[in-house]
2 protein chains.
Amino acid sequence: MTDPTAGLPDTPALLLDEARMERNISRLARHAESLGVTLRPHLKTAKSVEVARRLTGGTPGPITVSTLAEAEVFFATGHSDILYAVGIAPQKLKRVQALREKGCDLVVILDNAAQAQAVAEASVPAMIEIDSDGHRGGLQAEDPALLQVGRILHDAGCLRGVMTHAGESYTVRGVAAHADFAEQERKAAVTAAENLRGAGLPCPVVSIGSTPTAHAARDLTGVTELRAGVYMFFDLVMAGIDVCTQDDIALSVLTTVIGHQPAKGWTMIDAGWMALSRDRGTATQDVDQGYGIVCDEEGRVLTDYIVVSANQEHGIIAPRAGANPAPLDLPVGTRLRILPNHACATAAQHDRYHLVRQDGGPLEVWPRFNGW
Amino acid sequence: MTDPTAGLPDTPALLLDEARMERNISRLARHAESLGVTLRPHLKTAKSVEVARRLTGGTPGPITVSTLAEAEVFFATGHSDILYAVGIAPQKLKRVQALREKGCDLVVILDNAAQAQAVAEASVPAMIEIDSDGHRGGLQAEDPALLQVGRILHDAGCLRGVMTHAGESYTVRGVAAHADFAEQERKAAVTAAENLRGAGLPCPVVSIGSTPTAHAARDLTGVTELRAGVYMFFDLVMAGIDVCTQDDIALSVLTTVIGHQPAKGWTMIDAGWMALSRDRGTATQDVDQGYGIVCDEEGRVLTDYIVVSANQEHGIIAPRAGANPAPLDLPVGTRLRILPNHACATAAQHDRYHLVRQDGGPLEVWPRFNGW
């Protein structure tokens, strides 16, 4: 067998398993098709032109972004149907207008009259954010302010639709619980759309989604599009709530053993929080994965070993609490992979993906970007 | 008065208060001078050529780095006396040698015989890391392996000295407790150096330091140099253990109000963990500051308001637990500043500093970098 990690970069480095990513992309694409809705992938996790290309077989399709920097990069590389899914700050409308004038159908979101007035004055199309789970922003579907905001947008020709995101779906485990949240998203968004329509305010787009609900949804009557982001890569948080298995996680951090504290059973590595991120998303789950699960260089899990502690450029590997695995015997210089808690946070610590191919093909480097 | 934030950038953005930074730099420079030791600032927090220039009034001096990328950038901009203070992975020695061949006196650290053998074969000078507090890597001063490692390095002409870092000093509060850790660092490093010398292994450099111990140290007999990093900017973690006050914190994240959830008392902002980092370093301190303390646009603290929750690009401002301040009345579009938990982690989320001058002078942009 060819060594799939031949020619690997200096550590720490971010690896992306191409086959797993493509399997994850196909899985949700097929599911969205079976539900009869448009899939509008969220690029906030990937922030990569190459990953965006893989989403739709090379043809740019509808996407979601979390920053105007993403909108600018993806528009420059062929995407012209973009939802900017963070409540608009009025000061940012000039950048939105600049993109729209170049031909980008960039749509913003909002949940209050002050934003709606600013958006109406700027003639920028907007979706109204609906609060379906008390997670953060958004108007309740029955809030009288919905019609007020809808009217402001409609009168300016700016009302594109409604959208919601059940971030609370991350806090429950299993497909049945996620399906309940999907139905909660659907019901809130469809009710809001119907309330707007009942007031004479056309609402063509009804958009819902989060990675757990997108995979669990069974009936999306009244919904027109589905959004999800982290599903391309998956991570331990998603595995911990059964949206995927650990074998689906396409992202890992390559690291090197730099020492040991034998009396403590510690193995020291050169991946700290700068490479892994400070995200401790599994800390509140049934199984706390520390700063990530340890795998060998080829990606096979070293059962019951996790990164228990992280400084800026140092990680400490030890058995998970309560476990008593065989001692590790990893000489200085040994390379390992760490599966991340939260793909969005870990990817954000890196400026490139090192693509790992199952067939041992040449390692490709895909740039990624951050910033606003 | 001129508006010191005129011409501010799109939010979120990282602000650096020039006057506070310069005050922090002077404070530790004076203290090191009074202790009779060389200050070797750690650039892992700043990762900025401009900040490095401010450390020594424009003349490059000795520095510490946490990545070879830092070593390469700072050498290219005039720094030639560099300690790379993360245990060396043998695979990285080629990059170290390449810098040394160009004239950079780059020194590595290590704590085991396997590393020492690799370093000796590469003829790279090294410091032996001493464990003074059980925090992560390093050999005990009395460990027989110290002499074994020292002998390998000495025989190859590579033994530069010993170094230690009391990371545990971050977990205690007050100057007396930090002074105890400084003495613990001093004693461990000096004992290790004497043990090496007693075995006929010259040990010219004795290096200690962390931001808390560097400020609290009162007598550094036997120590030749002091290291510290976050002190240039400070942060809420350092303020929480009394190394500085909140008024010394030079770094903040500029953000904009994008909405409200009035029933919950929430103010929504466009700075989430992508701008603030996932670091929750104050969570285990006497006062938990959430994801940061809220200030107005000019940097005045809004008492008892913190960022209680953060998603990728959203933050939620609310009163701290148990407090009952007057309600905030911040219209959409209001700009705020957030003081960060951990300057190293927050700065790492940004690719530039926006320099804020007290005299209202023009806003300057200083690039910063990440990566390895």
# chains A, B, ... in the order shown; residues from 1 in each chain; ligands from 1
$ residues_around --residues "Pro319 in chain B" --least-positions-apart "6" --cutoff "12 Å" --atoms "only C-alpha atoms" --output "VMD selection string"
chain B and resid 264 to 267 288 to 290 292 to 294 302 to 309 325 to 328
$ residues_around --residues "Pro340 in chain A" --least-positions-apart "3" --cutoff "7 Å" --atoms "only C-alpha atoms" --output "VMD selection string"
chain A and resid 235 to 236 252 276 291 to 292 343 346
$ write_last_selection --atoms "C-alpha atoms" --output "short mmCIF file (atom, residue, chain, number, x, y, z; two decimals), in the first residue's frame"
data_model
loop_
_atom_site.label_atom_id
_atom_site.label_comp_id
_atom_site.auth_asym_id
_atom_site.auth_seq_id
_atom_site.Cartn_x
_atom_site.Cartn_y
_atom_site.Cartn_z
CA ASP A 235 -16.13 16.63 14.23
CA LEU A 236 -16.27 15.10 17.70
CA SER A 252 -7.48 16.19 11.79
CA LEU A 276 -6.33 22.56 17.94
CA TYR A 291 -8.86 18.73 23.22
CA GLY A 292 -9.32 15.79 20.83
CA ALA A 343 -14.17 21.64 12.97
CA THR A 346 -9.92 24.09 14.56
#
$ residues_around --residues "Asp296 in chain A" --least-positions-apart "3" --cutoff "9 Å" --atoms "only C-alpha atoms" --output "VMD selection string"
chain A and resid 299 to 302 334 to 338
$ write_last_selection --atoms "N, CA and C atoms" --output "PDB file, in the first residue's frame"
ATOM      1  N   GLY A 299      -4.406   7.632  10.900  1.00  0.00           N
ATOM      2  CA  GLY A 299      -5.759   7.986  11.280  1.00  0.00           C
ATOM      3  C   GLY A 299      -6.507   6.930  12.075  1.00  0.00           C
ATOM      4  N   ARG A 300      -5.837   5.860  12.501  1.00  0.00           N
ATOM      5  CA  ARG A 300      -6.497   4.843  13.333  1.00  0.00           C
ATOM      6  C   ARG A 300      -6.516   5.319  14.787  1.00  0.00           C
ATOM      7  N   VAL A 301      -7.707   5.295  15.407  1.00  0.00           N
ATOM      8  CA  VAL A 301      -7.858   5.801  16.777  1.00  0.00           C
ATOM      9  C   VAL A 301      -7.029   4.968  17.757  1.00  0.00           C
ATOM     10  N   LEU A 302      -6.266   5.637  18.638  1.00  0.00           N
ATOM     11  CA  LEU A 302      -5.562   4.983  19.741  1.00  0.00           C
ATOM     12  C   LEU A 302      -6.526   4.996  20.928  1.00  0.00           C
ATOM     13  N   THR A 334       7.597  10.655  16.600  1.00  0.00           N
ATOM     14  CA  THR A 334       6.418   9.950  16.086  1.00  0.00           C
ATOM     15  C   THR A 334       5.344  10.964  15.690  1.00  0.00           C
ATOM     16  N   ARG A 335       4.744  10.733  14.530  1.00  0.00           N
ATOM     17  CA  ARG A 335       3.647  11.611  14.108  1.00  0.00           C
ATOM     18  C   ARG A 335       2.308  10.989  14.472  1.00  0.00           C
ATOM     19  N   LEU A 336       1.364  11.849  14.852  1.00  0.00           N
ATOM     20  CA  LEU A 336       0.021  11.417  15.236  1.00  0.00           C
ATOM     21  C   LEU A 336      -0.987  12.351  14.564  1.00  0.00           C
ATOM     22  N   ARG A 337      -2.237  11.915  14.571  1.00  0.00           N
ATOM     23  CA  ARG A 337      -3.320  12.819  14.156  1.00  0.00           C
ATOM     24  C   ARG A 337      -4.271  13.009  15.333  1.00  0.00           C
ATOM     25  N   ILE A 338      -4.790  14.225  15.463  1.00  0.00           N
ATOM     26  CA  ILE A 338      -5.771  14.532  16.513  1.00  0.00           C
ATOM     27  C   ILE A 338      -7.106  14.883  15.843  1.00  0.00           C
TER      28      ILE A 338
END
$ residues_around --residues "Gly150 in chain B" --least-positions-apart "3" --cutoff "12 Å" --atoms "only C-alpha atoms" --output "NGL selection string"
:B and (109-113 or 115-117 or 119-120 or 125-130 or 139 or 141 or 143-147 or 153-162 or 192-203)
$ closest_residue --among "B:Ala46, B:Ala85, B:Val37, B:Leu220" --to "Ala250 in chain B" --atoms "only C-alpha atoms"
B:Ala46
$ interface_residues --of "chain A" --to "chain B" --cutoff "8 Å" --atoms "only C-alpha atoms" --output "JSON, numbers by chain"
{"A": [10, 11, 12, 66, 86, 87, 88, 89, 90, 91, 92, 111, 112, 114, 115, 136, 137, 256, 257, 258, 259, 260, 261, 268, 270, 274, 277, 278, 279, 313, 314, 316, 332, 333, 345, 348, 349, 350, 351, 371, 372]}
$ atom_distance --atom1 "CA of Thr282 in chain A" --atom2 "CA of Tyr170 in chain A"
10.6 Å
$ select_by_dssp --residues "range 54-242 of chain A" --states "strand (DSSP E or B)" --output "PyMOL selection string"
chain A and resi 63-65+81-84+105-110+126-130+139+159-164+205-208+225-228
$ select_by_dssp --residues "range 52-165 of chain A" --states "alpha helix (DSSP H)" --output "MDAnalysis selection string"
chainID A and resid 52:55 68:76 93:101 113:122 144:155
$ write_last_selection --atoms "N, CA and C atoms" --output "tab-separated table (two decimals), in the first residue's frame"
chain	number	residue	atom	x	y	z
A	52	ALA	N	-15.53	24.69	-1.70
A	52	ALA	CA	-16.76	25.20	-2.30
A	52	ALA	C	-17.00	24.55	-3.66
A	53	ARG	N	-15.92	24.36	-4.42
A	53	ARG	CA	-16.06	23.72	-5.75
A	53	ARG	C	-16.55	22.30	-5.65
A	54	ARG	N	-16.14	21.60	-4.59
A	54	ARG	CA	-16.53	20.19	-4.45
A	54	ARG	C	-17.99	20.02	-4.08
A	55	LEU	N	-18.63	21.10	-3.62
A	55	LEU	CA	-19.99	20.97	-3.11
A	55	LEU	C	-20.98	20.62	-4.20
A	68	LEU	N	-18.53	39.08	5.35
A	68	LEU	CA	-18.48	39.69	4.02
A	68	LEU	C	-17.19	39.30	3.30
A	69	ALA	N	-16.14	39.00	4.04
A	69	ALA	CA	-14.91	38.51	3.39
A	69	ALA	C	-15.20	37.23	2.63
A	70	GLU	N	-15.98	36.33	3.24
A	70	GLU	CA	-16.36	35.10	2.53
A	70	GLU	C	-17.17	35.44	1.28
A	71	ALA	N	-18.13	36.35	1.42
A	71	ALA	CA	-18.96	36.72	0.25
A	71	ALA	C	-18.08	37.23	-0.88
A	72	GLU	N	-17.10	38.07	-0.53
A	72	GLU	CA	-16.23	38.66	-1.57
A	72	GLU	C	-15.38	37.59	-2.25
A	73	VAL	N	-14.80	36.69	-1.45
A	73	VAL	CA	-13.94	35.65	-2.04
A	73	VAL	C	-14.77	34.70	-2.91
A	74	PHE	N	-15.91	34.25	-2.40
A	74	PHE	CA	-16.68	33.26	-3.16
A	74	PHE	C	-17.35	33.89	-4.38
A	75	PHE	N	-17.73	35.16	-4.29
A	75	PHE	CA	-18.26	35.81	-5.50
A	75	PHE	C	-17.16	35.92	-6.56
A	76	ALA	N	-15.96	36.25	-6.14
A	76	ALA	CA	-14.85	36.38	-7.09
A	76	ALA	C	-14.52	35.04	-7.75
A	93	LEU	N	-23.48	47.91	5.09
A	93	LEU	CA	-24.31	47.88	3.88
A	93	LEU	C	-23.59	48.39	2.65
A	94	LYS	N	-22.61	49.28	2.84
A	94	LYS	CA	-21.88	49.77	1.66
A	94	LYS	C	-21.13	48.64	0.97
A	95	ARG	N	-20.52	47.76	1.77
A	95	ARG	CA	-19.81	46.61	1.16
A	95	ARG	C	-20.81	45.66	0.50
A	96	VAL	N	-21.98	45.52	1.11
A	96	VAL	CA	-23.00	44.67	0.51
A	96	VAL	C	-23.43	45.25	-0.83
A	97	GLN	N	-23.69	46.55	-0.84
A	97	GLN	CA	-24.11	47.21	-2.09
A	97	GLN	C	-23.04	47.07	-3.17
A	98	ALA	N	-21.78	47.22	-2.78
A	98	ALA	CA	-20.69	47.13	-3.76
A	98	ALA	C	-20.70	45.76	-4.44
A	99	LEU	N	-20.94	44.71	-3.67
A	99	LEU	CA	-20.99	43.37	-4.26
A	99	LEU	C	-22.22	43.22	-5.15
A	100	ARG	N	-23.34	43.74	-4.69
A	100	ARG	CA	-24.58	43.62	-5.48
A	100	ARG	C	-24.43	44.36	-6.81
A	101	GLU	N	-23.76	45.51	-6.77
A	101	GLU	CA	-23.60	46.27	-8.02
A	101	GLU	C	-22.75	45.52	-9.04
A	113	ALA	N	-36.52	46.54	13.45
A	113	ALA	CA	-36.94	47.63	12.57
A	113	ALA	C	-35.79	48.56	12.20
A	114	ALA	N	-34.85	48.74	13.13
A	114	ALA	CA	-33.72	49.62	12.82
A	114	ALA	C	-32.91	49.06	11.66
A	115	GLN	N	-32.66	47.77	11.70
A	115	GLN	CA	-31.94	47.14	10.58
A	115	GLN	C	-32.78	47.22	9.30
A	116	ALA	N	-34.08	46.97	9.43
A	116	ALA	CA	-34.94	46.96	8.24
A	116	ALA	C	-34.96	48.33	7.57
A	117	GLN	N	-34.99	49.39	8.38
A	117	GLN	CA	-34.96	50.75	7.81
A	117	GLN	C	-33.67	50.98	7.03
A	118	ALA	N	-32.56	50.58	7.62
A	118	ALA	CA	-31.26	50.79	6.97
A	118	ALA	C	-31.17	49.99	5.67
A	119	VAL	N	-31.67	48.76	5.73
A	119	VAL	CA	-31.62	47.88	4.56
A	119	VAL	C	-32.55	48.41	3.46
A	120	ALA	N	-33.72	48.90	3.87
A	120	ALA	CA	-34.67	49.45	2.89
A	120	ALA	C	-34.07	50.67	2.20
A	121	GLU	N	-33.43	51.53	2.99
A	121	GLU	CA	-32.80	52.72	2.39
A	121	GLU	C	-31.70	52.34	1.41
A	122	ALA	N	-31.03	51.22	1.69
A	122	ALA	CA	-29.93	50.78	0.83
A	122	ALA	C	-30.41	49.90	-0.31
A	144	PRO	N	-45.71	40.65	16.90
A	144	PRO	CA	-46.24	41.69	16.01
A	144	PRO	C	-45.13	42.44	15.26
A	145	ALA	N	-43.93	42.47	15.84
A	145	ALA	CA	-42.82	43.15	15.16
A	145	ALA	C	-42.49	42.49	13.82
A	146	LEU	N	-42.84	41.20	13.68
A	146	LEU	CA	-42.57	40.52	12.41
A	146	LEU	C	-43.25	41.23	11.25
A	147	LEU	N	-44.51	41.60	11.46
A	147	LEU	CA	-45.24	42.26	10.38
A	147	LEU	C	-44.73	43.67	10.15
A	148	GLN	N	-44.33	44.34	11.24
A	148	GLN	CA	-43.76	45.69	11.11
A	148	GLN	C	-42.49	45.65	10.26
A	149	VAL	N	-41.59	44.73	10.63
A	149	VAL	CA	-40.33	44.59	9.89
A	149	VAL	C	-40.61	44.15	8.45
A	150	GLY	N	-41.54	43.20	8.31
A	150	GLY	CA	-41.89	42.71	6.97
A	150	GLY	C	-42.42	43.82	6.09
A	151	ARG	N	-43.24	44.69	6.69
A	151	ARG	CA	-43.84	45.80	5.93
A	151	ARG	C	-42.76	46.77	5.45
A	152	ILE	N	-41.82	47.10	6.33
A	152	ILE	CA	-40.73	48.02	5.95
A	152	ILE	C	-39.97	47.44	4.74
A	153	LEU	N	-39.66	46.15	4.84
A	153	LEU	CA	-38.90	45.52	3.75
A	153	LEU	C	-39.73	45.43	2.47
A	154	HIS	N	-40.98	44.99	2.62
A	154	HIS	CA	-41.84	44.81	1.46
A	154	HIS	C	-42.02	46.12	0.70
A	155	ASP	N	-42.27	47.19	1.45
A	155	ASP	CA	-42.52	48.49	0.81
A	155	ASP	C	-41.32	48.98	0.01
$ residues_around --residues "Ile241 in chain B" --least-positions-apart "6" --cutoff "10 Å" --atoms "only C-alpha atoms" --output "number ranges by chain"
B: 169-175, 177-178, 212, 282, 285-287
$ write_last_selection --atoms "N, CA and C atoms" --output "tab-separated table (two decimals), in the first residue's frame"
chain	number	residue	atom	x	y	z
B	169	SER	N	2.11	29.43	37.69
B	169	SER	CA	1.97	30.74	38.35
B	169	SER	C	0.70	31.46	37.93
B	170	TYR	N	0.12	31.05	36.78
B	170	TYR	CA	-1.14	31.63	36.32
B	170	TYR	C	-2.31	31.23	37.21
B	171	THR	N	-2.13	30.20	38.02
B	171	THR	CA	-3.26	29.66	38.78
B	171	THR	C	-3.38	30.26	40.18
B	172	VAL	N	-2.43	31.13	40.54
B	172	VAL	CA	-2.48	31.74	41.89
B	172	VAL	C	-2.58	33.25	41.74
B	173	ARG	N	-3.04	33.89	42.82
B	173	ARG	CA	-3.35	35.32	42.74
B	173	ARG	C	-2.47	36.13	43.69
B	174	GLY	N	-1.98	37.25	43.22
B	174	GLY	CA	-1.28	38.18	44.09
B	174	GLY	C	0.23	38.09	43.97
B	175	VAL	N	0.87	39.22	44.23
B	175	VAL	CA	2.31	39.33	44.00
B	175	VAL	C	3.11	38.39	44.90
B	177	ALA	N	2.26	35.38	46.01
B	177	ALA	CA	2.19	34.02	45.46
B	177	ALA	C	3.04	33.92	44.19
B	178	HIS	N	3.04	34.97	43.38
B	178	HIS	CA	3.85	34.95	42.15
B	178	HIS	C	5.34	35.01	42.48
B	212	PRO	N	3.53	36.40	35.18
B	212	PRO	CA	3.37	36.68	36.63
B	212	PRO	C	4.70	36.68	37.38
B	282	THR	N	-10.80	32.98	32.33
B	282	THR	CA	-11.27	33.50	33.62
B	282	THR	C	-12.31	32.59	34.27
B	285	GLN	N	-11.24	31.50	37.56
B	285	GLN	CA	-10.74	32.54	38.47
B	285	GLN	C	-11.84	32.98	39.46
B	286	ASP	N	-11.48	33.89	40.36
B	286	ASP	CA	-12.45	34.37	41.34
B	286	ASP	C	-13.65	35.03	40.66
B	287	VAL	N	-13.40	35.76	39.58
B	287	VAL	CA	-14.48	36.40	38.84
B	287	VAL	C	-14.45	35.90	37.40
$ residues_around --residues "range 16-23 of chain A" --least-positions-apart "3" --cutoff "7 Å" --atoms "only C-alpha atoms" --output "list of chain:residue names"
A:Ser26, A:Arg27, A:Met232, A:Phe233, A:Asp248, A:Ile249, A:Ala250, A:Leu251, A:Ser252, A:Tyr353, A:His354, A:Leu355, A:Val356, A:Arg357, A:Gln358
$ write_last_selection --atoms "C-alpha atoms" --output "mmCIF file, in the first residue's frame"
data_model
loop_
_atom_site.group_PDB
_atom_site.id
_atom_site.type_symbol
_atom_site.label_atom_id
_atom_site.label_comp_id
_atom_site.auth_asym_id
_atom_site.auth_seq_id
_atom_site.Cartn_x
_atom_site.Cartn_y
_atom_site.Cartn_z
ATOM 1 C CA SER A 26 -22.905 13.441 -0.993
ATOM 2 C CA ARG A 27 -24.841 12.267 2.034
ATOM 3 C CA MET A 232 -18.611 18.679 5.131
ATOM 4 C CA PHE A 233 -15.950 17.828 7.697
ATOM 5 C CA ASP A 248 -16.790 10.301 9.150
ATOM 6 C CA ILE A 249 -14.539 13.041 10.564
ATOM 7 C CA ALA A 250 -12.557 14.385 7.616
ATOM 8 C CA LEU A 251 -10.437 16.917 9.515
ATOM 9 C CA SER A 252 -7.480 16.193 11.789
ATOM 10 C CA TYR A 353 -5.640 22.261 4.257
ATOM 11 C CA HIS A 354 -3.288 19.425 3.383
ATOM 12 C CA LEU A 355 -5.471 17.100 1.353
ATOM 13 C CA VAL A 356 -4.955 13.428 2.231
ATOM 14 C CA ARG A 357 -5.918 10.963 -0.471
ATOM 15 C CA GLN A 358 -6.787 7.336 0.188
#
